[in-house]
Amino acid sequence: MMKMKAIRIHSYGGPEVMQLEELPMPVPGPGQALVRVQAASVNFLDVQHRRGDLVNQAFYKKEGAVEYKLPATIGSQCVGIVESLGPGDSPVQVGDRVICGGGSGTYATHVIAPVQRLIPVPDELRLEHAAAGLTQGFLAYALTHAAYPVKPGDWCLIHAAAGGIGLLLCQMAKLRGGKVIGVTSSEDKAHSVREAGADEVIISTQADIAKEARRITGGRGVNVVYDGVGRDTFEASLDSLAPRGYLEIFGQASGFIPPFDLMLLQEKGSLYINRFSGLYFMKEWHSYLQKFLDWIREGRLSVKVGHTYPLADAAKAHIAFEQRQVTGRVLLIP
C-alpha cells in the first residue's frame with residue numbers, strides 16, 4: 001500500500017502537539033483531486049487550528065471550512081501538482097500545478113481537495129511566488145482595490161506590515177498612489193517595510209500608534225487602516241482614523257475583537273468598519289491574476305519568503321511564526 005506523510009494533531013495545544021506521521025495514500029472521490037504538495041504556507045489560521053481557538057467560532061464551522069474532528073492534519077494553503085482525479089468533470093487535469101486554498105490538511109506530502117477549489121498556477125510563475133504570494137497577494141489586492149479602493153494621496157495605516165500579507169499590502173497601496181504608514185514591532189523589521197515602499201514606519205513597541213499616525217498626517221488621521229491583528233490593535237486603529245475613515249479588519253492574530261458600542265463610530269468621526277473575507281471577492285480573481293503576473297514580470301511587486309522549513313520541522317516553523325521571528329512568508333517543503 002502506498003503511503004504519505006502528514007503533520008497531525010491528536011489534541012489542541014502548543015507546537016509540540018504536531019507530529020509527523022505516515023498514513024495510507026488517500027484516493028480521490030467524486031469531484032476531488034489528489035494533489036502532491038510542493039510547498040505549504042504557514043498561516044495564522046493554522047496556528048489557531050492547532051491551538052483550538054476556532055472550535056466555537058460559527059463561521060469556521062460552516063461546511064467546507066476547517067475540519068475540527070481529531071486527530072486531524074492541519075494546514076490551509078499549498079501549491080502542488082495534481083496526481084489523480086476522482087470521477088466527474090474537472091476544471092483541472094492530471095499534471096497541472098495548482099493552488100489549494102481555503103481547505104485543510106495541507107501540511108502533508110499529499111492532500112485531497114475539491115476540484116472546484118483548485119486554482120491553476122501559470123507555468124511562468126515561480127514556485128516561491130505561487131506559494132508565498134498568489135493567495136496572500138489576492139487578499140492584499142482585494143483589500144486595496146475593492147474593499148477599500150485606495151485613492152492617490154490616501155494615507156493608509158497597515159498593521160503587522162512586515163508579515164507576508166503586510167508587505168504585499170504596502171506595495172499594492174503604493175501601486176494605487178497611496179501613502180503608507182507601516183506598523184511593525186522592531187527596527188530590524190522596519191527595514192523590510194521601508195523596502196516595500198512605506199513612507200513612514202511606526203515601531204509599535206516604542207511609540208503610541210494612534211498619536212504617531214496623527215502626527216504624521218498633520219493631525220487629521222488616516223483614510224484607511226488594514227488590520228489583521230484584531231483585539232490588541234482595535235482601539236489604536238479607530239483612534240488613527242480621520243473622520244469618515246475606514247477600518248478593514250481581515251484577521252485576529254491577537255484574538256477576536258469583543259463586542260463594542262456602535263456609538264463609538266459616531267463619536268470618533270462617523271467611521272466605517274468592514275470584517276473582510278476574501279470569499280466574497282473571488283470575482284476579482286482573474287483581473288488580479290493578470291496584474292500580479294505583470295507586476296512580478298515588471299519588477300513592481302516582490303514576494304518575500306522569510307524562511308523555509310522541512311515538513312518535519314513544522315513545530316519549529318510555528319514557534320518562529322508565533323514569536324514573530326521572521327518577516328515575509330513561512331513555507332513548509334515536504
# chains A, B, ... in the order shown; residues from 1 in each chain; ligands from 1
>>> residues_around(residues="Leu20 (chain A)", least_positions_apart="5", cutoff="12 Å", atoms="only C-alpha atoms", output="list in words")
Met4, Lys5, Ala6, Ile7, Arg8, Ile9, His10, Ala72, Thr73, Ile74, Tyr107, Ala108, Thr109, Pro310, Leu311, Ala312, Asp313, Ala314, Ala315 and Pro334 of chain A
>>> residues_around(residues="region 120-123 of chain A", least_positions_apart="2", cutoff="6 Å", atoms="only C-alpha atoms", output="NGL selection string")
:A and (97-98 or 125)
>>> write_last_selection(atoms="all heavy atoms", output="mmCIF file, in the first residue's frame")
data_model
loop_
_atom_site.group_PDB
_atom_site.id
_atom_site.type_symbol
_atom_site.label_atom_id
_atom_site.label_comp_id
_atom_site.auth_asym_id
_atom_site.auth_seq_id
_atom_site.Cartn_x
_atom_site.Cartn_y
_atom_site.Cartn_z
ATOM 1 N N ARG A 97 -0.190 22.246 -12.214
ATOM 2 C CA ARG A 97 0.268 22.851 -10.963
ATOM 3 C C ARG A 97 -0.847 23.768 -10.471
ATOM 4 O O ARG A 97 -1.364 24.594 -11.238
ATOM 5 C CB ARG A 97 1.553 23.637 -11.187
ATOM 6 C CG ARG A 97 2.230 24.099 -9.913
ATOM 7 C CD ARG A 97 3.664 24.536 -10.143
ATOM 8 N NE ARG A 97 3.760 25.549 -11.169
ATOM 9 C CZ ARG A 97 4.517 26.644 -11.055
ATOM 10 N NH1 ARG A 97 5.214 26.857 -9.965
ATOM 11 N NH2 ARG A 97 4.572 27.505 -12.034
ATOM 12 N N VAL A 98 -1.219 23.625 -9.199
ATOM 13 C CA VAL A 98 -2.401 24.322 -8.691
ATOM 14 C C VAL A 98 -2.147 24.908 -7.313
ATOM 15 O O VAL A 98 -1.265 24.470 -6.573
ATOM 16 C CB VAL A 98 -3.613 23.356 -8.600
ATOM 17 C CG1 VAL A 98 -4.047 22.891 -9.981
ATOM 18 C CG2 VAL A 98 -3.303 22.159 -7.703
ATOM 19 N N LEU A 125 5.052 31.347 -13.490
ATOM 20 C CA LEU A 125 5.168 31.809 -12.111
ATOM 21 C C LEU A 125 6.030 30.840 -11.315
ATOM 22 O O LEU A 125 5.761 29.649 -11.254
ATOM 23 C CB LEU A 125 3.777 31.912 -11.476
ATOM 24 C CG LEU A 125 3.632 32.760 -10.217
ATOM 25 C CD1 LEU A 125 4.043 34.205 -10.490
ATOM 26 C CD2 LEU A 125 2.201 32.709 -9.703
#
>>> residues_around(residues="region 270-276 of chain A", least_positions_apart="5", cutoff="9 Å", atoms="only C-alpha atoms", output="short mmCIF file (atom, residue, chain, number, x, y, z; two decimals) with C-alpha atoms, in the first residue's frame")
data_model
loop_
_atom_site.label_atom_id
_atom_site.label_comp_id
_atom_site.auth_asym_id
_atom_site.auth_seq_id
_atom_site.Cartn_x
_atom_site.Cartn_y
_atom_site.Cartn_z
CA LEU A 143 -8.39 44.82 0.30
CA ALA A 147 -12.89 46.52 -0.10
CA LEU A 238 -10.10 53.51 15.47
CA LEU A 241 -8.67 57.20 11.52
CA ALA A 242 -9.70 60.51 10.03
CA PRO A 243 -13.40 61.42 10.08
CA ARG A 244 -15.32 59.04 7.78
CA GLY A 245 -12.28 56.75 7.70
CA TYR A 246 -12.43 53.02 7.01
CA LEU A 247 -11.20 50.17 9.20
CA GLU A 248 -10.70 46.96 7.19
CA ILE A 249 -10.28 44.03 9.59
CA PHE A 250 -9.06 40.83 7.92
CA GLY A 251 -7.66 38.76 10.79
CA LEU A 264 -18.09 54.76 19.25
CA LEU A 265 -18.13 55.02 15.47
#
>>> closest_residue(among="A:Val115, A:Pro71, A:Gln290, A:Gly328", to="Ala161 (chain A)", atoms="only C-alpha atoms")
A:Gly328
>>> closest_atom_pairs(of="region 149-190 of chain A", to="region 137-141 of chain A", cutoff="7 Å", atoms="only C-alpha atoms", output="Markdown table")
| residue | atom | partner | partner_atom | distance |
| --- | --- | --- | --- | --- |
| A:Ile165 | CA | A:Ala140 | CA | 6.4 |
| A:Leu168 | CA | A:Ala140 | CA | 6.1 |
| A:Leu169 | CA | A:Ala140 | CA | 5.1 |
| A:Met172 | CA | A:Tyr141 | CA | 6.7 |
>>> atom_distance(atom1="CA of Ser90 (chain A)", atom2="CA of Asp294 (chain A)")
27.7 Å
>>> atom_distance(atom1="CA of Glu22 (chain A)", atom2="CA of Leu332 (chain A)")
16.9 Å
>>> atom_distance(atom1="CA of Pro259 (chain A)", atom2="CA of Phe234 (chain A)")
11.4 Å
>>> residues_around(residues="Ile209 (chain A)", least_positions_apart="4", cutoff="10 Å", atoms="only C-alpha atoms", output="ChimeraX atom specification")
/A:157,159,183,202-205,213-215,233,235-237,239-240
>>> write_last_selection(atoms="all heavy atoms", output="CSV table (one decimal), in the first residue's frame")
chain,number,residue,atom,x,y,z
A,157,LEU,N,-2.8,53.1,7.0
A,157,LEU,CA,-2.0,52.5,8.0
A,157,LEU,C,-2.1,51.0,8.0
A,157,LEU,O,-3.3,50.5,7.9
A,157,LEU,CB,-2.5,53.0,9.4
A,157,LEU,CG,-1.6,52.7,10.6
A,157,LEU,CD1,-1.5,53.8,11.6
A,157,LEU,CD2,-2.2,51.4,11.3
A,159,HIS,N,-1.1,47.4,9.8
A,159,HIS,CA,-0.6,46.7,11.0
A,159,HIS,C,0.2,45.5,10.5
A,159,HIS,O,-0.1,44.9,9.4
A,159,HIS,CB,-1.7,46.3,11.9
A,159,HIS,CG,-2.3,47.5,12.7
A,159,HIS,ND1,-1.6,48.1,13.7
A,159,HIS,CD2,-3.5,48.0,12.6
A,159,HIS,CE1,-2.4,49.1,14.2
A,159,HIS,NE2,-3.6,49.0,13.5
A,183,VAL,N,3.2,49.6,10.4
A,183,VAL,CA,3.4,49.4,11.8
A,183,VAL,C,4.1,48.0,12.0
A,183,VAL,O,3.6,47.0,11.5
A,183,VAL,CB,2.1,49.4,12.6
A,183,VAL,CG1,2.3,49.1,14.1
A,183,VAL,CG2,1.4,50.7,12.4
A,202,ILE,N,6.1,53.0,12.0
A,202,ILE,CA,5.9,53.1,13.4
A,202,ILE,C,6.3,51.8,14.1
A,202,ILE,O,5.9,50.8,13.7
A,202,ILE,CB,4.4,53.4,13.8
A,202,ILE,CG1,3.9,54.7,13.2
A,202,ILE,CG2,4.2,53.4,15.3
A,202,ILE,CD1,2.4,55.0,13.3
A,203,ILE,N,7.3,51.9,15.1
A,203,ILE,CA,7.7,50.8,15.8
A,203,ILE,C,6.7,50.7,17.0
A,203,ILE,O,6.8,51.5,17.9
A,203,ILE,CB,9.1,50.9,16.3
A,203,ILE,CG1,10.1,51.3,15.2
A,203,ILE,CG2,9.6,49.6,17.0
A,203,ILE,CD1,10.2,50.3,14.1
A,204,SER,N,5.9,49.7,17.0
A,204,SER,CA,4.8,49.6,18.0
A,204,SER,C,5.2,49.5,19.4
A,204,SER,O,4.5,49.8,20.3
A,204,SER,CB,3.8,48.5,17.6
A,204,SER,OG,4.5,47.2,17.6
A,205,THR,N,6.5,48.9,19.6
A,205,THR,CA,7.0,48.7,20.9
A,205,THR,C,7.6,50.0,21.5
A,205,THR,O,8.0,50.0,22.7
A,205,THR,CB,8.0,47.6,20.9
A,205,THR,OG1,9.0,47.9,19.9
A,205,THR,CG2,7.4,46.3,20.6
A,213,ALA,N,0.4,58.2,14.1
A,213,ALA,CA,-0.4,58.3,12.9
A,213,ALA,C,-0.9,59.7,12.7
A,213,ALA,O,-0.9,60.3,11.6
A,213,ALA,CB,-1.5,57.3,12.9
A,214,ARG,N,-1.4,60.3,13.8
A,214,ARG,CA,-2.0,61.7,13.7
A,214,ARG,C,-0.9,62.7,13.5
A,214,ARG,O,-1.0,63.7,12.7
A,214,ARG,CB,-2.8,62.0,14.9
A,214,ARG,CG,-4.1,61.2,14.9
A,214,ARG,CD,-5.2,61.7,15.8
A,214,ARG,NE,-6.4,60.9,15.7
A,214,ARG,CZ,-7.3,61.2,14.8
A,214,ARG,NH1,-7.1,62.2,13.9
A,214,ARG,NH2,-8.4,60.4,14.6
A,215,ARG,N,0.3,62.5,14.1
A,215,ARG,CA,1.4,63.4,13.9
A,215,ARG,C,1.8,63.4,12.4
A,215,ARG,O,2.0,64.4,11.8
A,215,ARG,CB,2.6,63.0,14.8
A,215,ARG,CG,3.8,63.9,14.6
A,215,ARG,CD,5.0,63.3,15.4
A,215,ARG,NE,5.5,62.1,14.8
A,215,ARG,CZ,6.2,62.0,13.7
A,215,ARG,NH1,6.5,63.0,13.0
A,215,ARG,NH2,6.6,60.8,13.2
A,233,THR,N,-5.1,45.7,18.6
A,233,THR,CA,-4.9,46.9,17.9
A,233,THR,C,-6.2,47.6,17.6
A,233,THR,O,-6.1,48.7,16.9
A,233,THR,CB,-4.1,46.6,16.5
A,233,THR,OG1,-4.9,45.6,15.8
A,233,THR,CG2,-2.7,46.2,16.8
A,235,GLU,N,-8.4,49.4,19.3
A,235,GLU,CA,-8.6,50.8,19.8
A,235,GLU,C,-7.7,51.7,19.0
A,235,GLU,O,-8.1,52.8,18.6
A,235,GLU,CB,-8.4,50.8,21.3
A,235,GLU,CG,-8.6,52.2,21.9
A,235,GLU,CD,-8.5,52.2,23.4
A,235,GLU,OE1,-8.5,51.1,24.0
A,235,GLU,OE2,-8.3,53.3,24.0
A,236,ALA,N,-6.4,51.3,18.9
A,236,ALA,CA,-5.5,52.2,18.1
A,236,ALA,C,-5.9,52.4,16.7
A,236,ALA,O,-5.7,53.5,16.1
A,236,ALA,CB,-4.1,51.6,18.2
A,237,SER,N,-6.5,51.4,16.1
A,237,SER,CA,-7.0,51.5,14.7
A,237,SER,C,-8.0,52.6,14.6
A,237,SER,O,-8.0,53.5,13.7
A,237,SER,CB,-7.5,50.2,14.2
A,237,SER,OG,-6.4,49.2,14.1
A,239,ASP,N,-8.6,55.0,16.7
A,239,ASP,CA,-8.1,56.3,17.0
A,239,ASP,C,-7.2,56.9,16.0
A,239,ASP,O,-6.8,58.1,16.0
A,239,ASP,CB,-7.4,56.3,18.4
A,239,ASP,CG,-8.4,56.1,19.5
A,239,ASP,OD1,-9.6,56.3,19.4
A,239,ASP,OD2,-7.9,55.6,20.6
A,240,SER,N,-6.7,56.1,15.0
A,240,SER,CA,-5.8,56.6,14.0
A,240,SER,C,-6.6,57.1,12.8
A,240,SER,O,-6.0,57.8,11.9
A,240,SER,CB,-4.9,55.4,13.5
A,240,SER,OG,-4.1,54.9,14.5
>>> residues_around(residues="Thr135 (chain A)", least_positions_apart="5", cutoff="12 Å", atoms="only C-alpha atoms", output="MDAnalysis selection string")
chainID A and resid 40:41 43 76:79 98:102 118:121 128:130 140:142 164:165 168 278:279 282 285 288:289 292 303 329
>>> residues_around(residues="Pro258 (chain A)", least_positions_apart="3", cutoff="10 Å", atoms="only C-alpha atoms", output="number ranges by chain")
A: 230-231, 234, 255
>>> write_last_selection(atoms="C-alpha atoms", output="PDB file, in the first residue's frame")
ATOM      1  CA  GLY A 230      -7.527  42.167  15.848  1.00  0.00           C
ATOM      2  CA  ARG A 231      -8.145  42.636  19.560  1.00  0.00           C
ATOM      3  CA  PHE A 234      -8.590  47.645  17.595  1.00  0.00           C
ATOM      4  CA  GLY A 255      -7.655  37.343  19.370  1.00  0.00           C
TER       5      GLY A 255
END
>>> select_by_dssp(residues="region 187-240 of chain A", states="strand (DSSP E)", output="ChimeraX atom specification")
/A:200-203,222-227
>>> write_last_selection(atoms="N, CA and C atoms", output="short mmCIF file (atom, residue, chain, number, x, y, z; two decimals), in the first residue's frame")
data_model
loop_
_atom_site.label_atom_id
_atom_site.label_comp_id
_atom_site.auth_asym_id
_atom_site.auth_seq_id
_atom_site.Cartn_x
_atom_site.Cartn_y
_atom_site.Cartn_z
N GLU A 200 6.34 55.95 5.92
CA GLU A 200 6.68 56.11 7.33
C GLU A 200 6.52 54.75 8.01
N VAL A 201 7.29 54.53 9.08
CA VAL A 201 7.19 53.29 9.86
C VAL A 201 7.04 53.64 11.33
N ILE A 202 6.08 52.99 11.98
CA ILE A 202 5.89 53.13 13.42
C ILE A 202 6.35 51.84 14.08
N ILE A 203 7.26 51.94 15.06
CA ILE A 203 7.68 50.79 15.85
C ILE A 203 6.72 50.68 17.03
N VAL A 222 -5.66 58.87 9.32
CA VAL A 222 -5.51 58.16 8.05
C VAL A 222 -6.87 57.87 7.43
N ASN A 223 -6.88 57.63 6.13
CA ASN A 223 -8.12 57.32 5.42
C ASN A 223 -8.58 55.89 5.65
N VAL A 224 -7.60 54.98 5.79
CA VAL A 224 -7.94 53.56 5.95
C VAL A 224 -6.89 52.88 6.81
N VAL A 225 -7.35 51.96 7.63
CA VAL A 225 -6.46 51.07 8.40
C VAL A 225 -6.72 49.65 7.94
N TYR A 226 -5.66 48.92 7.61
CA TYR A 226 -5.75 47.50 7.28
C TYR A 226 -5.19 46.73 8.47
N ASP A 227 -6.07 45.96 9.12
CA ASP A 227 -5.73 45.37 10.42
C ASP A 227 -5.98 43.87 10.43
#
>>> select_by_dssp(residues="region 115-177 of chain A", states="alpha helix (DSSP H)", output="list in words")
Leu127, Glu128, His129, Thr135, Gln136, Gly137, Phe138, Leu139, Ala140, Tyr141, Ala142, Gly164, Ile165, Gly166, Leu167, Leu168, Leu169, Cys170, Gln171, Met172, Ala173, Lys174 and Leu175 of chain A
>>> write_last_selection(atoms="C-alpha atoms", output="PDB file, in the first residue's frame")
ATOM      1  CA  LEU A 127       7.180  28.180  -7.046  1.00  0.00           C
ATOM      2  CA  GLU A 128       8.039  30.689  -4.328  1.00  0.00           C
ATOM      3  CA  HIS A 129       5.908  33.372  -5.965  1.00  0.00           C
ATOM      4  CA  THR A 135      -3.246  33.710  -2.415  1.00  0.00           C
ATOM      5  CA  GLN A 136      -1.904  36.284   0.064  1.00  0.00           C
ATOM      6  CA  GLY A 137      -1.445  38.652  -2.853  1.00  0.00           C
ATOM      7  CA  PHE A 138      -5.080  38.184  -3.783  1.00  0.00           C
ATOM      8  CA  LEU A 139      -6.187  39.163  -0.279  1.00  0.00           C
ATOM      9  CA  ALA A 140      -3.970  42.258  -0.415  1.00  0.00           C
ATOM     10  CA  TYR A 141      -5.318  43.079  -3.866  1.00  0.00           C
ATOM     11  CA  ALA A 142      -8.960  42.683  -2.808  1.00  0.00           C
ATOM     12  CA  GLY A 164       3.593  38.157   4.399  1.00  0.00           C
ATOM     13  CA  ILE A 165       0.340  39.969   3.668  1.00  0.00           C
ATOM     14  CA  GLY A 166       1.562  43.201   5.297  1.00  0.00           C
ATOM     15  CA  LEU A 167       4.442  43.602   2.839  1.00  0.00           C
ATOM     16  CA  LEU A 168       2.069  42.949  -0.062  1.00  0.00           C
ATOM     17  CA  LEU A 169      -0.446  45.485   1.293  1.00  0.00           C
ATOM     18  CA  CYS A 170       2.301  48.113   1.480  1.00  0.00           C
ATOM     19  CA  GLN A 171       3.287  47.521  -2.131  1.00  0.00           C
ATOM     20  CA  MET A 172      -0.245  47.406  -3.520  1.00  0.00           C
ATOM     21  CA  ALA A 173      -1.331  50.545  -1.677  1.00  0.00           C
ATOM     22  CA  LYS A 174       1.689  52.305  -3.217  1.00  0.00           C
ATOM     23  CA  LEU A 175       0.806  50.947  -6.670  1.00  0.00           C
TER      24      LEU A 175
END
>>> residues_around(residues="Val35 (chain A)", least_positions_apart="4", cutoff="7 Å", atoms="only C-alpha atoms", output="PyMOL selection string")
chain A and resi 80-83+110-112
